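S.K.: Dropping the structure in here first, questions after.
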Amino acid sequence: MRGPDVLFKLIKIRFFSPIIFQRSHIESPWRIPSDYLIRALTYAYSKLYNISEWFKFLEQDILRISSLILIRRNSLYFPEYGVKSYVSLDGDIVDLSNLMDTVSRVRIPRVEGVEPTPFEDCQLLTPKYDWGIIIGVREDHYEKTFHKVMASLKLLGELGFGARKSRGGGRFKIIQVDNPKNYGVKIIASGIGKLISRYMNRERNFRKIKAIRRMYIEKSRIYYGDNKFKEFFVIAEGSEIEVSDNGLLEYFENDLLHNVPLYYRPLMVAI
């Protein structure tokens, strides 16, 4: 995201219902990472506009997106993989036990003679707080891009995040568009900072990434069918590193023959 200036906006959202994660399909049950948001927005955008235009935004590095951010007492709490919770810039940590819950369920088979199977869903209790997503758009594309991203995010709020969306899981509304600077936060896309998105350099080589204080490496899985998934390692939120490239963007084809983005471009808070 070099060259033209980047305009960063904080999109504040409010959830109507928890985000539900099925046990067998958990990626990161305590947060919604930036790459998950990109994949969800890819689907929402395809329902409203030409999907090739969305892929152009990603490929030409017109757009950057953070992971989901918690907002409490007018402060931003960013996901930090090292403690697996949300941490403010002054070090205050949200008690994750107040945000997570487990629901026991029973799967009733449709085949006679097969016993019901108990299982559990995890819930991120999002209605307890307001939340936010930081979106960066290159200034020379802002007029053409931002309103379409917002329309896609609005549709995503109607569809919901996570599992059991047909029953209302993970639904939200946009409540405000704000400037991160109003929260004492400077957002950057390169240089030295603290990651607020997941990231991987183009070479997929951790040794070429300079850690300033700490660097968290996370195994990630993306499920795209029955027992089908992509698995690889990425650098997680909360890592304090120096970034000199625009990260990784690749695609894979899912069972419906749709291109799914593997999006690991960096977004950081300056430190």
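The chains in the structure tokens are called A, B, ... from first to last as shown; in each chain the residues are counted from 1, and the ligands are counted from 1 in the order shown.
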From range 77-236 of chain A, collect each residue whose DSSP state is alpha helix (DSSP H) and return the set as a list in words.

M.R.: Tyr142, Glu143, Lys144, Thr145, Phe146, His147, Lys148, Val149, Met150, Ala151, Ser152, Leu153, Lys154, Leu155, Leu156, Gly157, Glu158 and Leu159 of chain A

S.K.: Once you have the residues from the selection above, write them out as a JSON list (two decimals), in the first residue's frame, restricted to N, CA, C and O atoms.

M.R.:
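Wrote it out as part21.json, contents follow:
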[["chain", "number", "residue", "atom", "x", "y", "z"],
["A", 142, "TYR", "N", -10.76, 6.05, -3.18],
["A", 142, "TYR", "CA", -11.70, 6.10, -2.06],
["A", 142, "TYR", "C", -13.14, 6.30, -2.52],
["A", 142, "TYR", "O", -14.05, 5.60, -2.07],
["A", 143, "GLU", "N", -13.36, 7.26, -3.42],
["A", 143, "GLU", "CA", -14.73, 7.58, -3.85],
["A", 143, "GLU", "C", -15.41, 6.40, -4.52],
["A", 143, "GLU", "O", -16.61, 6.17, -4.36],
["A", 144, "LYS", "N", -14.64, 5.61, -5.28],
["A", 144, "LYS", "CA", -15.21, 4.48, -6.01],
["A", 144, "LYS", "C", -15.36, 3.24, -5.15],
["A", 144, "LYS", "O", -16.20, 2.38, -5.44],
["A", 145, "THR", "N", -14.57, 3.15, -4.10],
["A", 145, "THR", "CA", -14.44, 1.89, -3.37],
["A", 145, "THR", "C", -15.20, 1.86, -2.06],
["A", 145, "THR", "O", -15.90, 0.89, -1.75],
["A", 146, "PHE", "N", -15.07, 2.91, -1.27],
["A", 146, "PHE", "CA", -15.52, 2.83, 0.12],
["A", 146, "PHE", "C", -17.02, 2.54, 0.24],
["A", 146, "PHE", "O", -17.43, 1.71, 1.06],
["A", 147, "HIS", "N", -17.85, 3.20, -0.57],
["A", 147, "HIS", "CA", -19.30, 3.00, -0.41],
["A", 147, "HIS", "C", -19.71, 1.58, -0.79],
["A", 147, "HIS", "O", -20.66, 1.02, -0.24],
["A", 148, "LYS", "N", -18.96, 0.94, -1.71],
["A", 148, "LYS", "CA", -19.26, -0.44, -2.08],
["A", 148, "LYS", "C", -18.84, -1.41, -0.97],
["A", 148, "LYS", "O", -19.53, -2.39, -0.71],
["A", 149, "VAL", "N", -17.72, -1.12, -0.33],
["A", 149, "VAL", "CA", -17.30, -1.94, 0.80],
["A", 149, "VAL", "C", -18.30, -1.82, 1.94],
["A", 149, "VAL", "O", -18.67, -2.82, 2.58],
["A", 150, "MET", "N", -18.80, -0.60, 2.17],
["A", 150, "MET", "CA", -19.78, -0.39, 3.24],
["A", 150, "MET", "C", -21.09, -1.10, 2.93],
["A", 150, "MET", "O", -21.71, -1.68, 3.82],
["A", 151, "ALA", "N", -21.51, -1.08, 1.67],
["A", 151, "ALA", "CA", -22.75, -1.77, 1.29],
["A", 151, "ALA", "C", -22.59, -3.28, 1.50],
["A", 151, "ALA", "O", -23.51, -3.96, 1.97],
["A", 152, "SER", "N", -21.41, -3.80, 1.18],
["A", 152, "SER", "CA", -21.14, -5.23, 1.38],
["A", 152, "SER", "C", -21.10, -5.57, 2.85],
["A", 152, "SER", "O", -21.60, -6.63, 3.27],
["A", 153, "LEU", "N", -20.53, -4.69, 3.67],
["A", 153, "LEU", "CA", -20.49, -4.92, 5.11],
["A", 153, "LEU", "C", -21.90, -4.88, 5.70],
["A", 153, "LEU", "O", -22.24, -5.67, 6.60],
["A", 154, "LYS", "N", -22.73, -3.98, 5.21],
["A", 154, "LYS", "CA", -24.12, -3.92, 5.67],
["A", 154, "LYS", "C", -24.85, -5.22, 5.35],
["A", 154, "LYS", "O", -25.58, -5.76, 6.20],
["A", 155, "LEU", "N", -24.66, -5.73, 4.12],
["A", 155, "LEU", "CA", -25.27, -7.01, 3.76],
["A", 155, "LEU", "C", -24.74, -8.13, 4.63],
["A", 155, "LEU", "O", -25.50, -9.01, 5.07],
["A", 156, "LEU", "N", -23.44, -8.12, 4.90],
["A", 156, "LEU", "CA", -22.84, -9.14, 5.76],
["A", 156, "LEU", "C", -23.46, -9.12, 7.14],
["A", 156, "LEU", "O", -23.67, -10.16, 7.76],
["A", 157, "GLY", "N", -23.80, -7.91, 7.63],
["A", 157, "GLY", "CA", -24.47, -7.80, 8.92],
["A", 157, "GLY", "C", -25.83, -8.47, 8.92],
["A", 157, "GLY", "O", -26.25, -9.05, 9.92],
["A", 158, "GLU", "N", -26.53, -8.39, 7.79],
["A", 158, "GLU", "CA", -27.84, -9.05, 7.66],
["A", 158, "GLU", "C", -27.70, -10.56, 7.54],
["A", 158, "GLU", "O", -28.57, -11.31, 8.00],
["A", 159, "LEU", "N", -26.59, -11.01, 6.95],
["A", 159, "LEU", "CA", -26.36, -12.45, 6.77],
["A", 159, "LEU", "C", -25.80, -13.08, 8.05],
["A", 159, "LEU", "O", -26.18, -14.19, 8.42]]

S.K.: Please identify all polymer residues within 10 Å of Tyr81 in chain A, counting only C-alpha atoms, omitting same-chain residues fewer than 6 positions from it, and present them as a short mmCIF file (atom, residue, chain, number, x, y, z; two decimals) with all heavy atoms, in the first residue's frame.

M.R.:
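In the end it all went to out_34.cif:
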data_model
loop_
_atom_site.label_atom_id
_atom_site.label_comp_id
_atom_site.auth_asym_id
_atom_site.auth_seq_id
_atom_site.Cartn_x
_atom_site.Cartn_y
_atom_site.Cartn_z
N SER A 28 -10.47 -19.83 14.80
CA SER A 28 -9.99 -19.06 15.94
C SER A 28 -11.21 -18.63 16.74
O SER A 28 -11.80 -17.58 16.47
CB SER A 28 -9.19 -17.83 15.47
OG SER A 28 -8.07 -18.23 14.72
N TRP A 30 -11.99 -17.31 19.52
CA TRP A 30 -12.09 -16.14 20.38
C TRP A 30 -12.05 -14.83 19.61
O TRP A 30 -12.17 -13.76 20.19
CB TRP A 30 -10.98 -16.14 21.43
CG TRP A 30 -9.59 -16.13 20.85
CD1 TRP A 30 -8.90 -17.21 20.40
CD2 TRP A 30 -8.75 -14.99 20.67
NE1 TRP A 30 -7.67 -16.80 19.93
CE2 TRP A 30 -7.55 -15.46 20.09
CE3 TRP A 30 -8.89 -13.63 20.94
CZ2 TRP A 30 -6.49 -14.61 19.77
CZ3 TRP A 30 -7.84 -12.78 20.62
CH2 TRP A 30 -6.67 -13.27 20.05
N ARG A 31 -11.91 -14.90 18.28
CA ARG A 31 -11.83 -13.68 17.50
C ARG A 31 -12.25 -13.93 16.06
O ARG A 31 -12.37 -15.07 15.63
CB ARG A 31 -10.41 -13.11 17.51
CG ARG A 31 -9.41 -13.82 16.58
CD ARG A 31 -8.00 -13.51 17.03
NE ARG A 31 -6.96 -13.79 16.06
CZ ARG A 31 -6.43 -14.99 15.84
NH1 ARG A 31 -6.90 -16.06 16.48
NH2 ARG A 31 -5.45 -15.14 14.99
N VAL A 87 -6.60 -6.46 23.99
CA VAL A 87 -5.72 -5.63 24.81
C VAL A 87 -5.74 -4.20 24.27
O VAL A 87 -5.62 -3.97 23.06
CB VAL A 87 -4.28 -6.17 24.81
CG1 VAL A 87 -3.39 -5.34 25.72
CG2 VAL A 87 -4.25 -7.63 25.22
N MET A 215 6.99 -11.99 18.27
CA MET A 215 6.30 -12.38 17.04
C MET A 215 5.58 -13.69 17.30
O MET A 215 6.19 -14.67 17.73
CB MET A 215 7.29 -12.53 15.88
CG MET A 215 6.61 -12.83 14.54
SD MET A 215 7.72 -12.63 13.11
CE MET A 215 8.81 -14.06 13.34
N TYR A 216 4.27 -13.69 17.10
CA TYR A 216 3.45 -14.87 17.34
C TYR A 216 3.18 -15.59 16.02
O TYR A 216 2.64 -14.99 15.09
CB TYR A 216 2.12 -14.49 17.98
CG TYR A 216 2.25 -13.68 19.24
CD1 TYR A 216 1.68 -12.41 19.33
CD2 TYR A 216 2.93 -14.17 20.35
CE1 TYR A 216 1.78 -11.65 20.49
CE2 TYR A 216 3.04 -13.42 21.51
CZ TYR A 216 2.47 -12.17 21.58
OH TYR A 216 2.57 -11.43 22.73
N ILE A 217 3.52 -16.85 15.97
CA ILE A 217 3.28 -17.66 14.78
C ILE A 217 2.13 -18.62 15.07
O ILE A 217 2.16 -19.34 16.07
CB ILE A 217 4.55 -18.42 14.35
CG1 ILE A 217 5.66 -17.41 14.00
CG2 ILE A 217 4.26 -19.33 13.16
CD1 ILE A 217 7.00 -18.04 13.70
N GLU A 218 1.13 -18.60 14.21
CA GLU A 218 -0.10 -19.34 14.45
C GLU A 218 -0.38 -20.31 13.31
O GLU A 218 -0.23 -19.96 12.13
CB GLU A 218 -1.26 -18.35 14.57
CG GLU A 218 -2.63 -18.97 14.71
CD GLU A 218 -3.75 -17.95 14.68
OE1 GLU A 218 -3.48 -16.77 14.40
OE2 GLU A 218 -4.90 -18.34 14.96
N ILE A 235 1.54 -15.03 10.77
CA ILE A 235 1.93 -14.21 11.91
C ILE A 235 0.67 -13.56 12.46
O ILE A 235 -0.10 -12.93 11.72
CB ILE A 235 2.97 -13.15 11.50
CG1 ILE A 235 4.19 -13.85 10.90
CG2 ILE A 235 3.39 -12.31 12.70
CD1 ILE A 235 5.17 -12.91 10.27
N ALA A 236 0.44 -13.73 13.75
CA ALA A 236 -0.83 -13.36 14.36
C ALA A 236 -0.82 -11.94 14.92
O ALA A 236 0.24 -11.32 15.11
CB ALA A 236 -1.19 -14.36 15.45
N GLU A 237 -2.03 -11.46 15.23
CA GLU A 237 -2.21 -10.13 15.80
C GLU A 237 -1.46 -10.01 17.13
O GLU A 237 -1.36 -10.95 17.89
CB GLU A 237 -3.70 -9.84 16.04
CG GLU A 237 -4.55 -9.97 14.81
CD GLU A 237 -5.22 -11.33 14.70
OE1 GLU A 237 -4.61 -12.33 15.17
OE2 GLU A 237 -6.32 -11.42 14.16
N GLY A 238 -0.98 -8.80 17.39
CA GLY A 238 -0.22 -8.54 18.61
C GLY A 238 1.28 -8.64 18.40
O GLY A 238 2.06 -8.19 19.25
N SER A 239 1.71 -9.21 17.28
CA SER A 239 3.14 -9.28 16.97
C SER A 239 3.68 -7.88 16.72
O SER A 239 3.05 -7.08 16.02
CB SER A 239 3.37 -10.14 15.73
OG SER A 239 2.94 -11.47 15.94
#

S.K.: Could you tell me how far CA of Asp92 in chain A lies from CA of Gly193 in chain A, in Å and to one decimal?

M.R.: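 So the two atoms, CA of Asp92 in chain A and CA of Gly193 in chain A, lie 18.4 Å apart.
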
S.K.: Figure out the distance between CA of Phe172 in chain A and CA of Gly160 in chain A, please, to one decimal in Å.

M.R.: 6.9 Å

S.K.: Sorted by chain and rising residue number, list the residues of range 110-172 of chain A at most 7 Å from range 60-65 of chain A (counting only C-alpha atoms), each with its closest atom pair and distance in Å to one decimal, as a Markdown table.

M.R.:
| residue | atom | partner | partner_atom | distance |
| --- | --- | --- | --- | --- |
| A:Ile134 | CA | A:Ile65 | CA | 5.9 |
| A:Ile135 | CA | A:Ile65 | CA | 4.7 |
| A:Gly136 | CA | A:Arg64 | CA | 4.9 |
| A:Val137 | CA | A:Leu63 | CA | 4.8 |
| A:Arg138 | CA | A:Ile62 | CA | 5.3 |

S.K.: Would you mind exporting N, CA and C atoms of the selected residues as a short mmCIF file (atom, residue, chain, number, x, y, z; two decimals), in the first residue's frame?

M.R.:
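Wrote result.cif, looks like this:
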data_model
loop_
_atom_site.label_atom_id
_atom_site.label_comp_id
_atom_site.auth_asym_id
_atom_site.auth_seq_id
_atom_site.Cartn_x
_atom_site.Cartn_y
_atom_site.Cartn_z
N ILE A 134 -11.26 -1.73 11.24
CA ILE A 134 -10.54 -0.63 10.59
C ILE A 134 -10.33 -0.99 9.13
N ILE A 135 -10.76 -0.09 8.28
CA ILE A 135 -10.64 -0.27 6.83
C ILE A 135 -9.75 0.84 6.29
N GLY A 136 -8.76 0.46 5.51
CA GLY A 136 -7.90 1.42 4.83
C GLY A 136 -8.13 1.35 3.33
N VAL A 137 -8.35 2.50 2.71
CA VAL A 137 -8.57 2.58 1.27
C VAL A 137 -7.62 3.63 0.70
N ARG A 138 -6.95 3.29 -0.39
CA ARG A 138 -6.09 4.27 -1.05
C ARG A 138 -6.92 5.49 -1.46
#

S.K.: Grab the CA of Ile192 in chain A to CA of Ile241 in chain A distance for me, in Å with one decimal place.

M.R.: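 Interatomic distance here is 5.8 Å.
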
S.K.: Pick out each residue of range 89-269 of chain A that DSSP on the backbone tags as strand (DSSP E); I need them as a PyMOL selection string.

M.R.: chain A and resi 100-107+117-124+130-138+172-178+187-188+191-195+210-211+217-225+228-235+240-243+248-253+259-264+268-269

S.K.: Could you check the closest approach to Ile93 in chain A for each of A:Leu76, A:Leu256, A:Val243, A:Leu267 and tell me which residue wins, using only C-alpha atoms?

M.R.: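 Closest to Ile93 in chain A, using only C-alpha atoms: A:Leu76.
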
S.K.: Looking at only C-alpha atoms, which of A:Asn182, A:Ser88, A:Ser66, A:Ser75 is the one that sits closest to Met268 in chain A?

M.R.: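 The answer is A:Ser66, which sits nearest to Met268 in chain A.
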
S.K.: From the set A:Ile196, A:Ile20, A:Leu7, A:Val260, which residue has the shortest atom-to-atom contact distance to Arg167 in chain A, counting only C-alpha atoms?

M.R.: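 Counting only C-alpha atoms, the residue closest to Arg167 in chain A is A:Ile20.
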
S.K.: Need to verify the contact set: Gln123 in chain A, 9 Å, only C-alpha atoms, exclusion of same-chain residues closer than 4 positions in sequence. Can you return it as a VMD selection string?

M.R.: chain A and resid 18 to 22 29 to 30 99 to 103

S.K.: Which residue, A:Ile175, A:Ile271, A:Tyr183, A:Gly132, has the smallest gap to Ile212 in chain A when you use only C-alpha atoms?

M.R.: A:Ile271

S.K.: Closest to Glu240 in chain A among A:Cys122, A:Val269, A:Val185, A:Ala40, using only C-alpha atoms?

M.R.: A:Val269
